[in-house]
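Text of run_36.json, listed as JSON, C-alpha atoms:
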```json
[["chain", "number", "residue", "atom", "x", "y", "z"],
["V", 19, "MET", "CA", 25.39, -7.98, -6.95],
["V", 20, "ILE", "CA", 21.62, -8.28, -6.71],
["V", 21, "LYS", "CA", 19.88, -4.93, -6.58],
["V", 22, "LYS", "CA", 16.72, -4.57, -4.55],
["V", 23, "ARG", "CA", 14.11, -1.92, -3.98],
["V", 24, "GLN", "CA", 12.29, -1.33, -0.72],
["V", 25, "GLN", "CA", 9.08, 0.33, 0.35],
["V", 26, "LEU", "CA", 6.93, 0.70, 3.44],
["V", 27, "THR", "CA", 3.58, -0.96, 3.04],
["V", 28, "LEU", "CA", 0.29, -1.45, 4.84],
["V", 29, "PHE", "CA", -0.94, -4.94, 3.98],
["V", 30, "VAL", "CA", -4.69, -5.37, 3.78],
["V", 31, "PRO", "CA", -5.83, -7.48, 6.73],
["V", 32, "ALA", "CA", -7.56, -10.69, 5.73],
["V", 33, "SER", "CA", -11.24, -10.53, 6.63],
["V", 34, "GLU", "CA", -14.67, -11.18, 5.20],
["V", 35, "GLU", "CA", -14.93, -7.55, 4.08],
["V", 36, "THR", "CA", -11.63, -7.69, 2.14],
["V", 37, "GLN", "CA", -12.37, -10.90, 0.23],
["V", 38, "ASN", "CA", -13.60, -8.95, -2.80],
["V", 39, "ILE", "CA", -10.28, -7.14, -3.10],
["V", 40, "ASP", "CA", -8.39, -10.43, -3.35],
["V", 41, "TYR", "CA", -11.07, -11.93, -5.60],
["V", 42, "VAL", "CA", -10.63, -9.14, -8.17],
["V", 43, "ARG", "CA", -6.84, -9.28, -7.98],
["V", 44, "LYS", "CA", -6.74, -13.07, -8.31],
["V", 45, "THR", "CA", -9.32, -13.16, -11.11],
["V", 46, "TYR", "CA", -8.12, -10.26, -13.25],
["V", 47, "ASN", "CA", -4.43, -9.84, -12.33],
["V", 48, "LEU", "CA", -3.10, -13.19, -11.10],
["V", 49, "GLU", "CA", 0.52, -12.29, -11.84],
["V", 50, "GLN", "CA", 0.46, -9.26, -9.53],
["V", 51, "TYR", "CA", -1.57, -11.22, -6.97],
["V", 52, "ASN", "CA", 1.29, -13.73, -6.83],
["V", 53, "ILE", "CA", 3.99, -11.04, -6.56],
["V", 54, "ILE", "CA", 2.54, -9.09, -3.62],
["V", 55, "LYS", "CA", -0.46, -9.25, -1.30],
["V", 56, "SER", "CA", -3.12, -6.53, -1.36],
["V", 57, "HIS", "CA", -1.64, -3.39, 0.16],
["V", 58, "VAL", "CA", -1.53, 0.36, 0.43],
["V", 59, "THR", "CA", 1.94, 1.79, -0.17],
["V", 60, "LEU", "CA", 2.95, 4.07, 2.68],
["V", 61, "CYS", "CA", 6.40, 5.21, 1.44],
["V", 62, "ARG", "CA", 7.96, 4.51, -1.94],
["V", 63, "GLU", "CA", 11.56, 3.46, -2.51],
["V", 64, "ASP", "CA", 12.68, 6.91, -3.68],
["V", 65, "GLU", "CA", 11.58, 8.35, -0.31],
["V", 66, "LEU", "CA", 13.52, 5.86, 1.83],
["V", 67, "LEU", "CA", 16.83, 7.68, 1.49],
["V", 68, "ASP", "CA", 18.17, 6.99, 4.99],
["V", 69, "MET", "CA", 17.00, 3.66, 6.38],
["V", 70, "GLU", "CA", 18.62, 4.23, 9.76],
["V", 71, "LYS", "CA", 16.58, 7.41, 10.18],
["V", 72, "VAL", "CA", 13.44, 5.67, 8.84],
["V", 73, "PHE", "CA", 13.78, 2.96, 11.52],
["V", 74, "TYR", "CA", 14.40, 5.60, 14.18],
["V", 75, "ASN", "CA", 11.30, 7.55, 13.12],
["V", 76, "ILE", "CA", 9.09, 4.44, 13.01],
["V", 77, "ASN", "CA", 10.26, 3.32, 16.45],
["V", 78, "PHE", "CA", 9.66, 6.82, 17.79],
["V", 79, "LEU", "CA", 6.18, 6.79, 16.26],
["V", 80, "VAL", "CA", 5.35, 3.40, 17.83],
["V", 81, "LYS", "CA", 6.62, 4.49, 21.26],
["V", 82, "SER", "CA", 4.68, 7.75, 21.04],
["V", 83, "LEU", "CA", 1.47, 5.92, 20.21],
["V", 84, "GLN", "CA", 2.01, 3.48, 23.06],
["V", 85, "LYS", "CA", 2.81, 6.26, 25.52],
["V", 86, "ASN", "CA", -0.24, 8.29, 24.55],
["V", 87, "ASN", "CA", -2.49, 5.27, 23.97],
["V", 88, "GLU", "CA", -3.63, 6.93, 20.75],
["V", 89, "ASN", "CA", -5.61, 4.61, 18.51],
["V", 90, "MET", "CA", -3.16, 1.80, 19.00],
["V", 91, "GLY", "CA", -3.17, -0.45, 15.99],
["V", 92, "LYS", "CA", -5.40, 1.78, 13.93],
["V", 93, "ILE", "CA", -4.37, 3.50, 10.73],
["V", 94, "PRO", "CA", -7.70, 4.07, 8.99],
["V", 95, "ILE", "CA", -7.83, 4.46, 5.24],
["V", 96, "PHE", "CA", -11.16, 5.76, 3.92],
["V", 97, "PHE", "CA", -11.87, 4.61, 0.38],
["V", 98, "ASP", "CA", -13.94, 6.24, -2.30],
["V", 99, "LYS", "CA", -14.44, 4.54, -5.67],
["V", 100, "ILE", "CA", -12.74, 2.39, -8.24],
["V", 101, "THR", "CA", -11.14, 4.14, -11.16],
["V", 102, "ARG", "CA", -9.07, 3.25, -14.20],
["V", 103, "PHE", "CA", -5.59, 4.66, -14.73],
["V", 104, "SER", "CA", -2.50, 4.32, -16.92],
["V", 105, "ALA", "CA", -4.22, 4.51, -20.31],
["V", 106, "GLN", "CA", -7.22, 2.65, -18.84],
["V", 107, "LYS", "CA", -5.12, -0.54, -18.33],
["V", 108, "GLY", "CA", -5.02, -0.38, -14.52],
["V", 109, "VAL", "CA", -7.73, -0.23, -11.87],
["V", 110, "MET", "CA", -7.45, 1.14, -8.36],
["V", 111, "LEU", "CA", -9.66, 1.71, -5.36],
["V", 112, "THR", "CA", -9.03, 5.37, -4.63],
["V", 113, "ALA", "CA", -9.05, 6.93, -1.18],
["V", 114, "LYS", "CA", -10.99, 9.92, 0.02],
["V", 115, "ASP", "CA", -9.21, 13.17, 0.81],
["V", 116, "GLU", "CA", -9.78, 12.86, 4.57],
["V", 117, "ASN", "CA", -7.00, 10.35, 5.30],
["V", 118, "VAL", "CA", -5.34, 12.67, 7.82],
["V", 119, "ILE", "CA", -3.74, 9.94, 9.95],
["V", 120, "PHE", "CA", -2.15, 8.32, 6.89],
["V", 121, "HIS", "CA", -0.56, 11.63, 5.91],
["V", 122, "GLN", "CA", 0.55, 12.37, 9.49],
["V", 123, "ILE", "CA", 2.26, 8.99, 9.72],
["V", 124, "ARG", "CA", 4.02, 9.52, 6.37],
["V", 125, "THR", "CA", 5.19, 12.92, 7.59],
["V", 126, "MET", "CA", 6.51, 11.46, 10.86],
["V", 127, "ILE", "CA", 8.33, 8.57, 9.16],
["V", 128, "LEU", "CA", 9.94, 10.76, 6.50],
["V", 129, "SER", "CA", 10.78, 13.60, 8.88],
["V", 130, "ASP", "CA", 14.36, 14.86, 8.34],
["V", 131, "ILE", "CA", 14.75, 12.47, 5.39],
["V", 132, "VAL", "CA", 12.85, 13.93, 2.46],
["V", 133, "PRO", "CA", 13.36, 17.67, 1.99],
["V", 134, "THR", "CA", 9.95, 18.21, 0.38],
["V", 135, "LEU", "CA", 7.33, 15.62, 1.14],
["V", 136, "ARG", "CA", 5.13, 15.00, -1.89],
["V", 137, "LEU", "CA", 1.43, 14.34, -1.55],
["V", 138, "HIS", "CA", 0.92, 10.59, -1.86],
["V", 139, "ASN", "CA", -2.74, 9.65, -1.88],
["V", 140, "PRO", "CA", -3.36, 6.14, -0.61],
["V", 141, "HIS", "CA", -4.99, 3.62, -2.91],
["V", 142, "LEU", "CA", -5.34, -0.12, -3.49],
["V", 143, "THR", "CA", -4.26, -1.33, -6.90],
["V", 144, "LEU", "CA", -6.68, -3.98, -8.16],
["V", 145, "ILE", "CA", -5.20, -4.42, -11.64],
["V", 146, "HIS", "CA", -1.60, -3.31, -12.13],
["V", 147, "PRO", "CA", -0.99, -2.02, -15.67],
["V", 148, "ARG", "CA", 2.53, -3.53, -15.73],
["V", 149, "ASN", "CA", 1.20, -7.08, -15.87],
["V", 150, "GLY", "CA", -2.57, -6.82, -16.26],
["V", 151, "THR", "CA", -5.07, -5.13, -18.54],
["V", 152, "CYS", "CA", -8.53, -3.88, -17.73],
["V", 153, "THR", "CA", -11.02, -3.98, -20.56],
["V", 154, "ASP", "CA", -14.37, -2.20, -20.63],
["V", 155, "ILE", "CA", -16.07, -5.55, -19.94],
["V", 156, "ILE", "CA", -13.80, -6.29, -16.95],
["V", 157, "PHE", "CA", -14.31, -2.79, -15.54],
["V", 158, "LYS", "CA", -18.07, -3.18, -15.87],
["V", 159, "GLU", "CA", -17.85, -6.43, -13.84],
["V", 160, "ILE", "CA", -15.59, -4.89, -11.18],
["V", 161, "ARG", "CA", -17.96, -1.93, -10.76],
["V", 162, "LYS", "CA", -20.67, -4.37, -9.61],
["V", 163, "ILE", "CA", -18.52, -5.51, -6.66],
["V", 164, "ASN", "CA", -18.78, -4.00, -3.18],
["V", 165, "PHE", "CA", -15.51, -2.83, -1.65],
["V", 166, "PRO", "CA", -14.92, -1.65, 1.92],
["V", 167, "SER", "CA", -15.30, 2.07, 2.58],
["V", 168, "VAL", "CA", -12.69, 1.96, 5.37],
["V", 169, "LEU", "CA", -9.92, -0.42, 6.38],
["V", 170, "TYR", "CA", -7.81, -0.33, 9.56],
["V", 171, "PHE", "CA", -4.14, -1.25, 9.47],
["V", 172, "ASN", "CA", -2.20, -2.25, 12.58],
["V", 173, "LYS", "CA", 1.31, -2.73, 11.25],
["V", 174, "ILE", "CA", 3.81, -1.17, 8.91],
["V", 175, "SER", "CA", 5.84, -3.60, 6.79],
["V", 176, "LEU", "CA", 9.21, -2.94, 5.22],
["V", 177, "ILE", "CA", 9.28, -5.02, 2.06],
["V", 178, "GLU", "CA", 11.80, -5.53, -0.71],
["V", 179, "GLN", "CA", 11.87, -6.86, -4.24],
["V", 180, "GLU", "CA", 14.79, -7.95, -6.38],
["V", 181, "ILE", "CA", 14.98, -5.56, -9.33],
["V", 182, "THR", "CA", 14.45, -7.22, -12.70],
["V", 183, "THR", "CA", 13.53, -5.71, -16.04],
["V", 184, "ASP", "CA", 9.92, -6.81, -15.69],
["V", 185, "PHE", "CA", 9.55, -6.42, -11.89],
["V", 186, "SER", "CA", 8.23, -9.99, -11.71],
["V", 187, "LYS", "CA", 10.01, -11.09, -8.52],
["V", 188, "LYS", "CA", 7.97, -11.63, -5.37],
["V", 189, "TRP", "CA", 8.08, -8.95, -2.66],
["V", 190, "ASP", "CA", 9.51, -10.21, 0.64],
["V", 191, "ILE", "CA", 8.82, -8.87, 4.11],
["V", 192, "VAL", "CA", 12.04, -7.63, 5.72],
["V", 193, "GLU", "CA", 10.64, -6.25, 8.96],
["V", 194, "GLU", "CA", 7.30, -5.41, 10.53],
["V", 195, "PHE", "CA", 6.35, -2.75, 13.05],
["V", 196, "GLU", "CA", 3.24, -3.34, 15.16],
["V", 197, "LEU", "CA", 1.38, -0.16, 16.02]]
```
Please render this file's structure as structure tokens.
Amino acid sequence: MIKKRQQLTLFVPASEETQNIDYVRKTYNLEQYNIIKSHVTLCREDELLDMEKVFYNINFLVKSLQKNNENMGKIPIFFDKITRFSAQKGVMLTAKDENVIFHQIRTMILSDIVPTLRLHNPHLTLIHPRNGTCTDIIFKEIRKINFPSVLYFNKISLIEQEITTDFSKKWDIVEEFEL
């Protein structure tokens, strides 16, 4: 039996302002670029303990937003700076602390599923340390690039990946929820 892992993701919308994100990923981490599009992880696989309840909560969230006409189609993520992580091998675009809507949506989706919701700060991985390596020279080049300070997401995607020892399989979209 093929084992798979799932997560809820916010894919970066293609636009002129997001071209630099894909440029860095394609140039310095082509393997990860080919596995999954640029994204912010909303909920990790270890949080999706009851998929029936997850779907219920997402559908309730969507209906609530539609009913109240609250920022339909707008999950803003406010970004801060690029930083290295994982023994300096990886690079991410970190988010600012004020991503209240992101955290509210996580709380709503994982309500009655996860006993204690951990703080999960949004970020965009530019170089994944599993299959890419950032050098001092590469980091110096990336620091010269302008990245968006805010992105707006209008859909939540449930994605899955076949589990392999090297996590090299492409992520597939299972379902999408328009906000």
Do you have the atom CA of Thr112 of chain V-atom CA of Glu159 of chain V distance handy? 17.4 Å
Near segment 45-67 of chain V, 7 Å: segment 87-188 of chain V residue rows, closest pairs, all atoms listed in the file, as a Markdown table:
```
| residue | atom | partner | partner_atom | distance |
| --- | --- | --- | --- | --- |
| V:Arg124 | CA | V:Leu60 | CA | 6.7 |
| V:Ile131 | CA | V:Leu67 | CA | 6.5 |
| V:Val132 | CA | V:Glu65 | CA | 6.4 |
| V:Pro140 | CA | V:Val58 | CA | 6.2 |
| V:His141 | CA | V:Val58 | CA | 5.8 |
| V:Leu142 | CA | V:Val58 | CA | 5.5 |
| V:Ile145 | CA | V:Asn47 | CA | 5.5 |
| V:His146 | CA | V:Gln50 | CA | 6.8 |
| V:Asn149 | CA | V:Glu49 | CA | 6.6 |
| V:Gly150 | CA | V:Asn47 | CA | 5.3 |
| V:Ser186 | CA | V:Ile53 | CA | 6.8 |
| V:Lys187 | CA | V:Ile53 | CA | 6.3 |
| V:Lys188 | CA | V:Ile53 | CA | 4.2 |
```
For Ser175 of chain V, the nearest of the candidates V:Tyr41, V:Phe195, V:Phe73, V:Phe78, counting all atoms listed in the file: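 Among the listed residues, the smallest separation from Ser175 of chain V belongs to V:Phe195.
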Students should find that atom CA of Arg136 of chain V and atom CA of Pro166 of chain V are spaced 26.3 Å
What is the atom CA of Cys152 of chain V to atom CA of Ile95 of chain V distance in Å?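 Atom CA of Cys152 of chain V sits 24.4 Å away from atom CA of Ile95 of chain V.
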Which of these, V:Thr183, V:Phe157, V:Ile93, V:Gly108, has the shortest distance to Thr27 of chain V once you count all atoms listed in the file?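 Closest residue, counting all atoms listed in the file: V:Ile93.
Proximity to Phe96 of chain V at 9 Å, evaluated using all atoms listed in the file and with sequence-adjacent residues fewer than 6 positions away removed, yields Thr112, Ala113, Lys114, Asp115, Glu116, Asn117, Pro166, Ser167, Val168, Leu169 and Tyr170 of chain V.
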Residues of the last selection are to be written out with C-alpha atoms, as a compact mmCIF listing (two decimals), in the frame of the given file.
```
# COMPACT_ATOMS: atom_id res chain seq x y z
CA THR V 112 -9.03 5.37 -4.63
CA ALA V 113 -9.05 6.93 -1.18
CA LYS V 114 -10.99 9.92 0.02
CA ASP V 115 -9.21 13.17 0.81
CA GLU V 116 -9.78 12.86 4.57
CA ASN V 117 -7.00 10.35 5.30
CA PRO V 166 -14.92 -1.65 1.92
CA SER V 167 -15.30 2.07 2.58
CA VAL V 168 -12.69 1.96 5.37
CA LEU V 169 -9.92 -0.42 6.38
CA TYR V 170 -7.81 -0.33 9.56
```
For each of V:His121, V:Lys85, V:Lys99, V:Lys21, take the minimum atom-to-atom distance to Ile163 of chain V, counting all atoms listed in the file, then give the residue where this is smallest. V:Lys99
List the spatial neighbours of Glu196 of chain V as an mmCIF file with C-alpha atoms, in the coordinates of the input - criterion: any atom at most 10 Å away, all atoms listed in the file, same-chain residues fewer than 5 positions off excluded.
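What ended up in out-v5.cif:
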```cif
data_model
loop_
_atom_site.group_PDB
_atom_site.id
_atom_site.type_symbol
_atom_site.label_atom_id
_atom_site.label_comp_id
_atom_site.auth_asym_id
_atom_site.auth_seq_id
_atom_site.Cartn_x
_atom_site.Cartn_y
_atom_site.Cartn_z
ATOM 1 C CA ILE V 76 9.090 4.440 13.010
ATOM 2 C CA ASN V 77 10.260 3.320 16.450
ATOM 3 C CA VAL V 80 5.350 3.400 17.830
ATOM 4 C CA MET V 90 -3.160 1.800 19.000
ATOM 5 C CA GLY V 91 -3.170 -0.450 15.990
ATOM 6 C CA PHE V 171 -4.140 -1.250 9.470
ATOM 7 C CA ASN V 172 -2.200 -2.250 12.580
ATOM 8 C CA LYS V 173 1.310 -2.730 11.250
ATOM 9 C CA ILE V 174 3.810 -1.170 8.910
ATOM 10 C CA SER V 175 5.840 -3.600 6.790
#
```
Looking at only C-alpha atoms, which of V:Asn164, V:Ile181, V:Pro147, V:Thr134 is the one that sits closest to Met19 of chain V? V:Ile181
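Of the listed residues V:Gln179, V:Thr151, V:Ser82, V:Thr101, the one whose atoms come nearest to Gln24 of chain V is V:Gln179, with distances taken using all atoms listed in the file.
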Counting all atoms listed in the file, figure out which residue out of V:Gln122, V:Asn139, V:Thr182, V:Ser129 gets nearest to Lys71 of chain V.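 For Lys71 of chain V, the nearest of the given residues is V:Ser129.
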Can you give me all heavy atoms for segment 185-196 of chain V, written as a tab-separated table (two decimals), in the frame of the given file?
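Done, and the output landed in result20.tsv:
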```
chain	number	residue	atom	x	y	z
V	185	PHE	N	10.06	-6.53	-13.26
V	185	PHE	CA	9.55	-6.42	-11.89
V	185	PHE	C	8.65	-7.60	-11.51
V	185	PHE	O	7.63	-7.44	-10.86
V	185	PHE	CB	8.79	-5.09	-11.68
V	185	PHE	CG	9.66	-3.89	-11.81
V	185	PHE	CD1	9.72	-3.20	-13.01
V	185	PHE	CD2	10.41	-3.45	-10.74
V	185	PHE	CE1	10.53	-2.08	-13.14
V	185	PHE	CE2	11.23	-2.33	-10.86
V	185	PHE	CZ	11.29	-1.65	-12.05
V	186	SER	N	9.07	-8.80	-11.92
V	186	SER	CA	8.23	-9.99	-11.71
V	186	SER	C	8.59	-10.78	-10.45
V	186	SER	O	7.92	-11.76	-10.13
V	186	SER	CB	8.34	-10.92	-12.92
V	186	SER	OG	9.68	-11.36	-13.07
V	187	LYS	N	9.61	-10.37	-9.74
V	187	LYS	CA	10.01	-11.09	-8.52
V	187	LYS	C	9.04	-10.78	-7.38
V	187	LYS	O	8.52	-9.68	-7.27
V	187	LYS	CB	11.43	-10.71	-8.10
V	187	LYS	CG	12.51	-11.12	-9.09
V	187	LYS	CD	12.72	-12.60	-9.07
V	187	LYS	CE	13.89	-12.95	-9.97
V	187	LYS	NZ	14.23	-14.34	-9.93
V	188	LYS	N	8.87	-11.77	-6.51
V	188	LYS	CA	7.97	-11.63	-5.37
V	188	LYS	C	8.56	-10.64	-4.36
V	188	LYS	O	9.75	-10.59	-4.15
V	188	LYS	CB	7.80	-13.00	-4.71
V	188	LYS	CG	6.77	-13.08	-3.63
V	188	LYS	CD	6.59	-14.53	-3.22
V	188	LYS	CE	5.62	-14.82	-2.15
V	188	LYS	NZ	4.89	-13.83	-1.50
V	189	TRP	N	7.69	-9.84	-3.74
V	189	TRP	CA	8.08	-8.95	-2.66
V	189	TRP	C	8.21	-9.78	-1.38
V	189	TRP	O	7.36	-10.61	-1.09
V	189	TRP	CB	7.04	-7.85	-2.44
V	189	TRP	CG	7.07	-6.74	-3.46
V	189	TRP	CD1	6.39	-6.69	-4.63
V	189	TRP	CD2	7.81	-5.53	-3.37
V	189	TRP	NE1	6.66	-5.51	-5.28
V	189	TRP	CE2	7.53	-4.78	-4.52
V	189	TRP	CE3	8.68	-5.00	-2.42
V	189	TRP	CZ2	8.08	-3.53	-4.76
V	189	TRP	CZ3	9.23	-3.75	-2.66
V	189	TRP	CH2	8.94	-3.03	-3.81
V	190	ASP	N	9.28	-9.52	-0.63
V	190	ASP	CA	9.51	-10.21	0.64
V	190	ASP	C	9.41	-9.22	1.79
V	190	ASP	O	9.84	-8.07	1.67
V	190	ASP	CB	10.91	-10.85	0.66
V	190	ASP	CG	11.06	-11.93	-0.41
V	190	ASP	OD1	10.17	-12.79	-0.50
V	190	ASP	OD2	12.07	-11.89	-1.14
V	191	ILE	N	8.88	-9.70	2.91
V	191	ILE	CA	8.82	-8.87	4.11
V	191	ILE	C	10.17	-8.92	4.79
V	191	ILE	O	10.70	-9.99	5.08
V	191	ILE	CB	7.71	-9.36	5.07
V	191	ILE	CG1	6.34	-9.21	4.41
V	191	ILE	CG2	7.76	-8.60	6.40
V	191	ILE	CD1	5.19	-9.84	5.17
V	192	VAL	N	10.75	-7.74	5.06
V	192	VAL	CA	12.04	-7.63	5.72
V	192	VAL	C	11.84	-7.44	7.22
V	192	VAL	O	12.50	-8.07	8.04
V	192	VAL	CB	12.86	-6.44	5.15
V	192	VAL	CG1	14.16	-6.25	5.90
V	192	VAL	CG2	13.10	-6.66	3.65
V	193	GLU	N	10.91	-6.56	7.56
V	193	GLU	CA	10.64	-6.25	8.96
V	193	GLU	C	9.24	-5.70	9.09
V	193	GLU	O	8.72	-5.07	8.17
V	193	GLU	CB	11.66	-5.22	9.48
V	193	GLU	CG	11.68	-5.08	10.96
V	193	GLU	CD	12.97	-4.45	11.49
V	193	GLU	OE1	13.94	-4.33	10.74
V	193	GLU	OE2	12.97	-4.09	12.67
V	194	GLU	N	8.63	-5.93	10.26
V	194	GLU	CA	7.30	-5.41	10.53
V	194	GLU	C	7.28	-4.67	11.85
V	194	GLU	O	7.98	-5.04	12.79
V	194	GLU	CB	6.26	-6.53	10.52
V	194	GLU	CG	6.14	-7.15	9.13
V	194	GLU	CD	5.01	-8.15	9.04
V	194	GLU	OE1	5.03	-9.12	9.80
V	194	GLU	OE2	4.13	-7.93	8.17
V	195	PHE	N	6.47	-3.62	11.89
V	195	PHE	CA	6.35	-2.75	13.05
V	195	PHE	C	4.89	-2.73	13.48
V	195	PHE	O	4.05	-2.16	12.78
V	195	PHE	CB	6.85	-1.34	12.74
V	195	PHE	CG	8.24	-1.31	12.18
V	195	PHE	CD1	8.46	-1.40	10.81
V	195	PHE	CD2	9.33	-1.19	13.02
V	195	PHE	CE1	9.74	-1.38	10.29
V	195	PHE	CE2	10.61	-1.16	12.52
V	195	PHE	CZ	10.82	-1.26	11.16
V	196	GLU	N	4.60	-3.33	14.62
V	196	GLU	CA	3.24	-3.34	15.16
V	196	GLU	C	2.94	-1.97	15.75
V	196	GLU	O	3.78	-1.40	16.46
V	196	GLU	CB	3.10	-4.39	16.28
V	196	GLU	CG	3.25	-5.82	15.80
V	196	GLU	CD	2.01	-6.37	15.12
V	196	GLU	OE1	0.91	-5.83	15.35
V	196	GLU	OE2	2.17	-7.34	14.37
```
